[in-house]
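Enquirer: Submitted below is the structure of interest, expressed as structure tokens.
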Amino acid sequence: MAVRAWDHPQLLNSEDVPIPVQDVGFPMGLTWLDIDRCANIRIKAYSDCLTTRSVKVHLDAWADTTLYSAGSTWLDVAKNDRDFQYGVFSTNDDHPWNQPKTETCRIITFEKPFAEPPKIVLWLKELDIDKSHNWRVKTYADNITKTGFTLHIDTWGDTILYTGTATWIAHPANRTNIASGTYNTMDVRPWNQPRVDNSGHASFGKTFQKNPLVLTALNWLDIGNTANLRIRALKSNITATGFTWNLDSWGDTTLFSAGASYLAVQDY
């Protein structure tokens, strides 16, 4: 979403996006953040104002946060889609924002059971993290069965996580036209050797008939609070078997680690 210059920060940012079909959903995830360190990290990706032709996509901050830029991705999911189920869980569903916890989890139950345990994609879509300590958050799934899974949103160290919200997407594990997975800067270096540029290769574990659509968004952050929070998840060199990922920062940001989840879909 490109609606303004990064050096003209504002809290509310939105754009009308065309939609391919009616009755469509938009599970969203954050892909890019550039937020000033002098206030809490507050960012939320969401959509509303759905019509037969478009949907309004938002990337908003609030209070005294200075949001220089942010980006998001989303999957268009038609109503009654046979492959994908999705939803959202927030730490605020478990406890108030002003009673922060280090670890939060929730058992997610699928509306329709899968024939076998599915694959789960998790994307961060909302954050409210205190400015006084490093910014650490991760979301992950375990205990995956045909009927549901456990979704976790955690922090660690001295980080104060007021709110974390994750989008989840479940898809059949045996579909030849869908693949998903995760990657992390710690796949290519230790967390305690921070650097700005981080790149690796993600393999789909299968060969598509042609290059798929690849969507990727953040699922993990560990960034020092002595400079602005800057992170972007990029992809390139997409082939039928995999792609090149980048989890990069810039300026004087200290990027200890970052991670992302990807979803690859052919002819969706």
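By convention in this document, the chains of the structure tokens carry letters A, B, ... by their order, each chain's residues are numbered from 1, and ligands are numbered from 1 in the order they are shown.
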Among region 84-198 of chain A, which residues does DSSP mark as strand (DSSP E or B) when it is run on the backbone? Keep the chain and numbering as in the structure and answer as a ChimeraX atom specification.
Expert: /A:85-90,103-109,119-129,135-142,148-154,161-171,178-184
Enquirer: Could those residues be written to a file, using C-alpha atoms, as a PDB file, in the first residue's frame?
Expert:
```
ATOM      1  CA  GLN A  85     -10.056 -21.441   6.721  1.00  0.00           C
ATOM      2  CA  TYR A  86      -8.835 -18.377   8.576  1.00  0.00           C
ATOM      3  CA  GLY A  87      -9.334 -16.221  11.635  1.00  0.00           C
ATOM      4  CA  VAL A  88      -7.751 -13.786  14.083  1.00  0.00           C
ATOM      5  CA  PHE A  89      -6.643 -14.071  17.691  1.00  0.00           C
ATOM      6  CA  SER A  90      -5.484 -11.215  19.925  1.00  0.00           C
ATOM      7  CA  GLU A 103       2.935 -15.830  27.108  1.00  0.00           C
ATOM      8  CA  THR A 104      -0.591 -16.065  25.697  1.00  0.00           C
ATOM      9  CA  CYS A 105      -2.251 -18.961  23.913  1.00  0.00           C
ATOM     10  CA  ARG A 106      -5.675 -20.006  22.696  1.00  0.00           C
ATOM     11  CA  ILE A 107      -7.089 -23.252  21.331  1.00  0.00           C
ATOM     12  CA  ILE A 108      -8.505 -22.519  17.868  1.00  0.00           C
ATOM     13  CA  THR A 109     -11.293 -24.783  16.609  1.00  0.00           C
ATOM     14  CA  LYS A 119      -0.771 -26.639   7.601  1.00  0.00           C
ATOM     15  CA  ILE A 120      -1.043 -23.391   9.590  1.00  0.00           C
ATOM     16  CA  VAL A 121       0.218 -19.958   8.455  1.00  0.00           C
ATOM     17  CA  LEU A 122       0.517 -17.235  11.097  1.00  0.00           C
ATOM     18  CA  TRP A 123       1.028 -13.527  10.413  1.00  0.00           C
ATOM     19  CA  LEU A 124       1.337 -10.685  12.905  1.00  0.00           C
ATOM     20  CA  LYS A 125      -1.288  -8.019  12.154  1.00  0.00           C
ATOM     21  CA  GLU A 126      -1.351  -5.764  15.240  1.00  0.00           C
ATOM     22  CA  LEU A 127       1.259  -4.726  17.813  1.00  0.00           C
ATOM     23  CA  ASP A 128       1.379  -2.496  20.883  1.00  0.00           C
ATOM     24  CA  ILE A 129       4.802  -2.810  22.536  1.00  0.00           C
ATOM     25  CA  TRP A 135      10.763  -5.108  20.887  1.00  0.00           C
ATOM     26  CA  ARG A 136      10.268  -8.873  20.971  1.00  0.00           C
ATOM     27  CA  VAL A 137       7.227 -10.845  19.819  1.00  0.00           C
ATOM     28  CA  LYS A 138       6.595 -14.164  18.103  1.00  0.00           C
ATOM     29  CA  THR A 139       3.540 -16.140  17.031  1.00  0.00           C
ATOM     30  CA  TYR A 140       3.523 -19.868  16.367  1.00  0.00           C
ATOM     31  CA  ALA A 141       1.225 -22.914  16.329  1.00  0.00           C
ATOM     32  CA  ASP A 142       1.430 -26.346  17.914  1.00  0.00           C
ATOM     33  CA  GLY A 148      -7.929 -27.258  15.530  1.00  0.00           C
ATOM     34  CA  PHE A 149      -4.615 -26.104  16.986  1.00  0.00           C
ATOM     35  CA  THR A 150      -3.060 -24.001  19.717  1.00  0.00           C
ATOM     36  CA  LEU A 151      -2.063 -20.471  18.714  1.00  0.00           C
ATOM     37  CA  HIS A 152       0.668 -18.718  20.718  1.00  0.00           C
ATOM     38  CA  ILE A 153       1.610 -15.019  20.906  1.00  0.00           C
ATOM     39  CA  ASP A 154       4.627 -14.624  23.182  1.00  0.00           C
ATOM     40  CA  LEU A 161       3.735  -6.562  25.069  1.00  0.00           C
ATOM     41  CA  TYR A 162       0.452  -4.742  25.594  1.00  0.00           C
ATOM     42  CA  THR A 163      -1.230  -6.213  22.524  1.00  0.00           C
ATOM     43  CA  GLY A 164      -0.310  -8.759  19.904  1.00  0.00           C
ATOM     44  CA  THR A 165      -2.733  -9.941  17.235  1.00  0.00           C
ATOM     45  CA  ALA A 166      -2.167 -12.721  14.726  1.00  0.00           C
ATOM     46  CA  THR A 167      -3.972 -13.835  11.606  1.00  0.00           C
ATOM     47  CA  TRP A 168      -4.166 -17.598  11.100  1.00  0.00           C
ATOM     48  CA  ILE A 169      -4.739 -19.417   7.815  1.00  0.00           C
ATOM     49  CA  ALA A 170      -5.232 -23.180   7.641  1.00  0.00           C
ATOM     50  CA  HIS A 171      -4.989 -25.193   4.421  1.00  0.00           C
ATOM     51  CA  ILE A 178      -0.538 -24.941  -2.079  1.00  0.00           C
ATOM     52  CA  ALA A 179       2.620 -24.797   0.031  1.00  0.00           C
ATOM     53  CA  SER A 180       3.557 -22.917   3.179  1.00  0.00           C
ATOM     54  CA  GLY A 181       6.362 -22.592   5.686  1.00  0.00           C
ATOM     55  CA  THR A 182       8.472 -20.269   7.804  1.00  0.00           C
ATOM     56  CA  TYR A 183      11.935 -18.748   7.745  1.00  0.00           C
ATOM     57  CA  ASN A 184      14.011 -16.700  10.167  1.00  0.00           C
TER      58      ASN A 184
END
```
Enquirer: Can you list, as a list in words, every protein, DNA or RNA residue that comes within 7 Å of region 226-231 of chain A when you count only C-alpha atoms, leaving out same-chain residues fewer than 6 positions away?
Expert: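 So the residues in contact are Trp32, Leu33, Asp34, Ile35, Asp36, Arg37, Leu247, Asp248, Ser249, Trp250, Asp252 and Thr253 of chain A.
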Enquirer: Grab the residues selected above and save them as a short mmCIF file (atom, residue, chain, number, x, y, z; two decimals), in the first residue's frame with all heavy atoms.
Expert:
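Once everything was written out, this is selection-v5.cif:
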```cif
data_model
loop_
_atom_site.label_atom_id
_atom_site.label_comp_id
_atom_site.auth_asym_id
_atom_site.auth_seq_id
_atom_site.Cartn_x
_atom_site.Cartn_y
_atom_site.Cartn_z
N TRP A 32 6.10 -4.77 6.58
CA TRP A 32 7.06 -3.66 6.57
C TRP A 32 6.71 -2.73 7.71
O TRP A 32 5.54 -2.36 7.89
CB TRP A 32 6.94 -2.94 5.23
CG TRP A 32 7.81 -1.74 5.00
CD1 TRP A 32 7.91 -0.63 5.78
CD2 TRP A 32 8.68 -1.53 3.89
NE1 TRP A 32 8.78 0.27 5.23
CE2 TRP A 32 9.28 -0.25 4.06
CE3 TRP A 32 9.00 -2.28 2.76
CZ2 TRP A 32 10.18 0.26 3.14
CZ3 TRP A 32 9.89 -1.75 1.85
CH2 TRP A 32 10.48 -0.50 2.04
N LEU A 33 7.70 -2.32 8.49
CA LEU A 33 7.48 -1.38 9.59
C LEU A 33 8.64 -0.40 9.67
O LEU A 33 9.80 -0.79 9.61
CB LEU A 33 7.35 -2.11 10.93
CG LEU A 33 6.18 -3.08 11.10
CD1 LEU A 33 6.33 -3.85 12.40
CD2 LEU A 33 4.86 -2.35 11.04
N ASP A 34 8.30 0.88 9.83
CA ASP A 34 9.28 1.93 10.12
C ASP A 34 8.60 2.87 11.11
O ASP A 34 7.78 3.71 10.73
CB ASP A 34 9.70 2.67 8.85
CG ASP A 34 10.79 3.70 9.11
OD1 ASP A 34 11.19 3.89 10.28
OD2 ASP A 34 11.25 4.32 8.12
N ILE A 35 8.92 2.70 12.41
CA ILE A 35 8.22 3.38 13.48
C ILE A 35 9.24 4.01 14.42
O ILE A 35 10.23 3.38 14.79
CB ILE A 35 7.32 2.40 14.26
CG1 ILE A 35 6.30 1.75 13.32
CG2 ILE A 35 6.61 3.10 15.41
CD1 ILE A 35 5.43 0.69 13.96
N ASP A 36 8.99 5.24 14.83
CA ASP A 36 9.92 5.98 15.69
C ASP A 36 10.02 5.33 17.07
O ASP A 36 9.04 4.86 17.62
CB ASP A 36 9.46 7.43 15.81
CG ASP A 36 10.57 8.34 16.31
OD1 ASP A 36 10.82 8.35 17.52
OD2 ASP A 36 11.19 9.02 15.46
N ARG A 37 11.22 5.35 17.63
CA ARG A 37 11.49 4.70 18.91
C ARG A 37 11.02 5.51 20.11
O ARG A 37 10.99 4.98 21.24
CB ARG A 37 13.00 4.46 19.06
CG ARG A 37 13.83 5.74 19.25
CD ARG A 37 15.30 5.41 19.38
NE ARG A 37 16.11 6.60 19.58
CZ ARG A 37 16.37 7.14 20.77
NH1 ARG A 37 15.86 6.61 21.86
NH2 ARG A 37 17.12 8.23 20.87
N LEU A 247 14.95 -10.54 5.04
CA LEU A 247 14.44 -9.90 6.25
C LEU A 247 15.45 -8.83 6.62
O LEU A 247 16.47 -9.11 7.26
CB LEU A 247 14.25 -10.92 7.37
CG LEU A 247 13.09 -11.89 7.18
CD1 LEU A 247 13.21 -13.07 8.13
CD2 LEU A 247 11.75 -11.17 7.40
N ASP A 248 15.19 -7.60 6.19
CA ASP A 248 16.18 -6.54 6.24
C ASP A 248 15.73 -5.38 7.10
O ASP A 248 14.53 -5.12 7.26
CB ASP A 248 16.46 -6.01 4.83
CG ASP A 248 17.03 -7.06 3.90
OD1 ASP A 248 17.57 -8.07 4.40
OD2 ASP A 248 16.94 -6.87 2.67
N SER A 249 16.71 -4.68 7.64
CA SER A 249 16.50 -3.40 8.29
C SER A 249 17.32 -2.36 7.55
O SER A 249 17.92 -2.65 6.51
CB SER A 249 16.88 -3.49 9.77
OG SER A 249 16.52 -2.30 10.43
N TRP A 250 17.38 -1.15 8.10
CA TRP A 250 18.18 -0.10 7.49
C TRP A 250 18.46 0.97 8.54
O TRP A 250 17.95 0.91 9.66
CB TRP A 250 17.52 0.47 6.24
CG TRP A 250 16.18 1.09 6.41
CD1 TRP A 250 15.88 2.42 6.53
CD2 TRP A 250 14.90 0.41 6.47
NE1 TRP A 250 14.53 2.61 6.66
CE2 TRP A 250 13.90 1.40 6.63
CE3 TRP A 250 14.52 -0.93 6.42
CZ2 TRP A 250 12.55 1.08 6.73
CZ3 TRP A 250 13.18 -1.24 6.50
CH2 TRP A 250 12.22 -0.25 6.66
N ASP A 252 20.20 2.89 11.48
CA ASP A 252 20.96 2.46 12.65
C ASP A 252 20.20 1.43 13.49
O ASP A 252 20.55 1.15 14.64
CB ASP A 252 21.32 3.66 13.53
CG ASP A 252 20.12 4.50 13.95
OD1 ASP A 252 19.00 4.20 13.47
OD2 ASP A 252 20.30 5.45 14.73
N THR A 253 19.16 0.82 12.94
CA THR A 253 18.38 -0.18 13.64
C THR A 253 19.24 -1.41 13.94
O THR A 253 20.03 -1.85 13.10
CB THR A 253 17.16 -0.59 12.81
OG1 THR A 253 16.30 0.54 12.69
CG2 THR A 253 16.39 -1.74 13.45
#
```
Enquirer: Go through A:Ile41, A:Thr31, A:Lys56, A:Gly157 and flag the residue nearest Pro18 (chain A), using only C-alpha atoms for the distances.
Expert: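 So, comparing all the options, the nearest one is A:Lys56.
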Enquirer: Just want the 7 Å neighbourhood of Lys235 (chain A), counted on only C-alpha atoms, with same-chain residues fewer than 3 positions away dropped. Output as a list in words.
Expert: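 Those residues are Phe243, Thr244, Trp245 and Asn246 of chain A.
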Enquirer: Write a file of the just-selected residues containing all heavy atoms, as a PDB file, in the first residue's frame.
Expert:
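Output below, filename part17.pdb:
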```pdb
ATOM      1  N   PHE A 243      11.925 -19.773  -3.419  1.00  0.00           N
ATOM      2  CA  PHE A 243      12.156 -18.348  -3.634  1.00  0.00           C
ATOM      3  C   PHE A 243      13.256 -17.863  -2.696  1.00  0.00           C
ATOM      4  O   PHE A 243      13.646 -18.544  -1.727  1.00  0.00           O
ATOM      5  CB  PHE A 243      10.875 -17.535  -3.418  1.00  0.00           C
ATOM      6  CG  PHE A 243      10.354 -17.546  -1.995  1.00  0.00           C
ATOM      7  CD1 PHE A 243      10.625 -16.506  -1.122  1.00  0.00           C
ATOM      8  CD2 PHE A 243       9.586 -18.601  -1.538  1.00  0.00           C
ATOM      9  CE1 PHE A 243      10.143 -16.518   0.174  1.00  0.00           C
ATOM     10  CE2 PHE A 243       9.089 -18.622  -0.243  1.00  0.00           C
ATOM     11  CZ  PHE A 243       9.370 -17.579   0.618  1.00  0.00           C
ATOM     12  N   THR A 244      13.760 -16.674  -2.990  1.00  0.00           N
ATOM     13  CA  THR A 244      14.736 -16.004  -2.138  1.00  0.00           C
ATOM     14  C   THR A 244      14.008 -15.071  -1.187  1.00  0.00           C
ATOM     15  O   THR A 244      13.144 -14.298  -1.618  1.00  0.00           O
ATOM     16  CB  THR A 244      15.737 -15.192  -2.979  1.00  0.00           C
ATOM     17  OG1 THR A 244      16.438 -16.079  -3.855  1.00  0.00           O
ATOM     18  CG2 THR A 244      16.746 -14.469  -2.090  1.00  0.00           C
ATOM     19  N   TRP A 245      14.316 -15.169   0.106  1.00  0.00           N
ATOM     20  CA  TRP A 245      13.706 -14.265   1.086  1.00  0.00           C
ATOM     21  C   TRP A 245      14.733 -13.284   1.623  1.00  0.00           C
ATOM     22  O   TRP A 245      15.921 -13.578   1.692  1.00  0.00           O
ATOM     23  CB  TRP A 245      13.059 -15.047   2.232  1.00  0.00           C
ATOM     24  CG  TRP A 245      13.959 -15.950   3.028  1.00  0.00           C
ATOM     25  CD1 TRP A 245      14.093 -17.295   2.901  1.00  0.00           C
ATOM     26  CD2 TRP A 245      14.844 -15.565   4.105  1.00  0.00           C
ATOM     27  NE1 TRP A 245      14.991 -17.798   3.813  1.00  0.00           N
ATOM     28  CE2 TRP A 245      15.460 -16.749   4.568  1.00  0.00           C
ATOM     29  CE3 TRP A 245      15.173 -14.352   4.709  1.00  0.00           C
ATOM     30  CZ2 TRP A 245      16.399 -16.750   5.614  1.00  0.00           C
ATOM     31  CZ3 TRP A 245      16.100 -14.356   5.747  1.00  0.00           C
ATOM     32  CH2 TRP A 245      16.695 -15.530   6.185  1.00  0.00           C
ATOM     33  N   ASN A 246      14.235 -12.126   2.002  1.00  0.00           N
ATOM     34  CA  ASN A 246      15.030 -11.115   2.703  1.00  0.00           C
ATOM     35  C   ASN A 246      14.258 -10.638   3.918  1.00  0.00           C
ATOM     36  O   ASN A 246      13.058 -10.376   3.840  1.00  0.00           O
ATOM     37  CB  ASN A 246      15.332  -9.923   1.804  1.00  0.00           C
ATOM     38  CG  ASN A 246      16.427 -10.197   0.812  1.00  0.00           C
ATOM     39  OD1 ASN A 246      16.186 -10.824  -0.224  1.00  0.00           O
ATOM     40  ND2 ASN A 246      17.630  -9.733   1.103  1.00  0.00           N
TER      41      ASN A 246
END
```
Enquirer: To one decimal place, how far is CA of Pro113 (chain A) from CA of Leu263 (chain A) in Å?
Expert: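 Straight-line distance from CA of Pro113 (chain A) to CA of Leu263 (chain A) works out to 20.5 Å.
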Enquirer: Tell me, which residues of region 89-225 of chain A carry DSSP helix (DSSP H, G or I), written as a PyMOL selection string?
Expert: chain A and resi 91-93+185-187
Enquirer: Can you tell me, as a PyMOL selection string, what residues are no more than 12 Å from Ala264 (chain A) when counting only C-alpha atoms, ignoring any on the same chain fewer than 3 positions away?
Expert: chain A and resi 75+121+171+175-182+202-208+210-216+235+238-243+261+267-268
Enquirer: For the residues selected in the previous step, produce a file with C-alpha atoms as a PDB file, in the first residue's frame.
Expert:
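Okay, result-v9.pdb is ready:
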```pdb
ATOM      1  CA  LEU A  75      -5.042 -13.429   0.864  1.00  0.00           C
ATOM      2  CA  VAL A 121       0.218 -19.958   8.455  1.00  0.00           C
ATOM      3  CA  HIS A 171      -4.989 -25.193   4.421  1.00  0.00           C
ATOM      4  CA  ARG A 175      -2.887 -29.994  -1.921  1.00  0.00           C
ATOM      5  CA  THR A 176      -0.490 -29.976  -4.880  1.00  0.00           C
ATOM      6  CA  ASN A 177      -1.224 -26.298  -5.610  1.00  0.00           C
ATOM      7  CA  ILE A 178      -0.538 -24.941  -2.079  1.00  0.00           C
ATOM      8  CA  ALA A 179       2.620 -24.797   0.031  1.00  0.00           C
ATOM      9  CA  SER A 180       3.557 -22.917   3.179  1.00  0.00           C
ATOM     10  CA  GLY A 181       6.362 -22.592   5.686  1.00  0.00           C
ATOM     11  CA  THR A 182       8.472 -20.269   7.804  1.00  0.00           C
ATOM     12  CA  ALA A 202      12.930 -21.135   1.042  1.00  0.00           C
ATOM     13  CA  SER A 203      12.042 -24.425  -0.633  1.00  0.00           C
ATOM     14  CA  PHE A 204       8.391 -25.343  -1.224  1.00  0.00           C
ATOM     15  CA  GLY A 205       9.088 -29.047  -0.721  1.00  0.00           C
ATOM     16  CA  LYS A 206       7.316 -29.709  -4.011  1.00  0.00           C
ATOM     17  CA  THR A 207       7.443 -28.555  -7.626  1.00  0.00           C
ATOM     18  CA  PHE A 208       4.555 -26.443  -8.879  1.00  0.00           C
ATOM     19  CA  LYS A 210       4.374 -22.959 -12.841  1.00  0.00           C
ATOM     20  CA  ASN A 211       5.630 -20.176 -10.596  1.00  0.00           C
ATOM     21  CA  PRO A 212       3.084 -19.656  -7.786  1.00  0.00           C
ATOM     22  CA  LEU A 213       1.811 -16.539  -6.086  1.00  0.00           C
ATOM     23  CA  VAL A 214       3.855 -16.125  -2.880  1.00  0.00           C
ATOM     24  CA  LEU A 215       2.539 -14.138   0.091  1.00  0.00           C
ATOM     25  CA  THR A 216       4.793 -13.571   3.076  1.00  0.00           C
ATOM     26  CA  LYS A 235      10.767 -11.992  -1.660  1.00  0.00           C
ATOM     27  CA  ILE A 238      10.291 -17.015  -7.306  1.00  0.00           C
ATOM     28  CA  THR A 239      10.427 -20.333  -9.165  1.00  0.00           C
ATOM     29  CA  ALA A 240       8.329 -23.496  -9.204  1.00  0.00           C
ATOM     30  CA  THR A 241      10.420 -24.912  -6.337  1.00  0.00           C
ATOM     31  CA  GLY A 242      11.135 -21.972  -4.019  1.00  0.00           C
ATOM     32  CA  PHE A 243      12.156 -18.348  -3.634  1.00  0.00           C
ATOM     33  CA  SER A 261       5.581 -17.168   7.296  1.00  0.00           C
ATOM     34  CA  ASP A 267      -3.898 -20.686  -9.856  1.00  0.00           C
ATOM     35  CA  TYR A 268      -5.843 -19.412  -6.873  1.00  0.00           C
TER      36      TYR A 268
END
```
Enquirer: Could you check which of A:Asp16, A:Asp60, A:Asp48, A:Asp83 is closest to Val265 (chain A), using only C-alpha atoms?
Expert: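 Looking only at the distances to Val265 (chain A), the closest residue turns out to be A:Asp83.
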Enquirer: I want to know what sits within 9 Å of Trp62 (chain A), based on only C-alpha atoms, with residues of the same chain fewer than 4 positions away left out; could you give that as a list in words?
Expert: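 Residues meeting the cut-off are Leu11, Leu12, Arg42, Ile43, Thr66 and Leu67 of chain A.
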Enquirer: Identify, on the basis of only C-alpha atoms, every residue whose closest approach to region 52-55 of chain A does not exceed 12 Å; exclude the query and any residue fewer than 5 positions from it along the same chain; express the result as a list of chain:residue names.
Expert: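 My list of contacting residues is A:Ser14, A:Glu15, A:Asp16, A:Val17, A:Pro18, A:Ile19, A:Pro20, A:Val21, A:Gln22, A:Asp23, A:Val24, A:Gly25, A:Phe26, A:Tyr46, A:Ser47, A:Trp74, A:Asp76.
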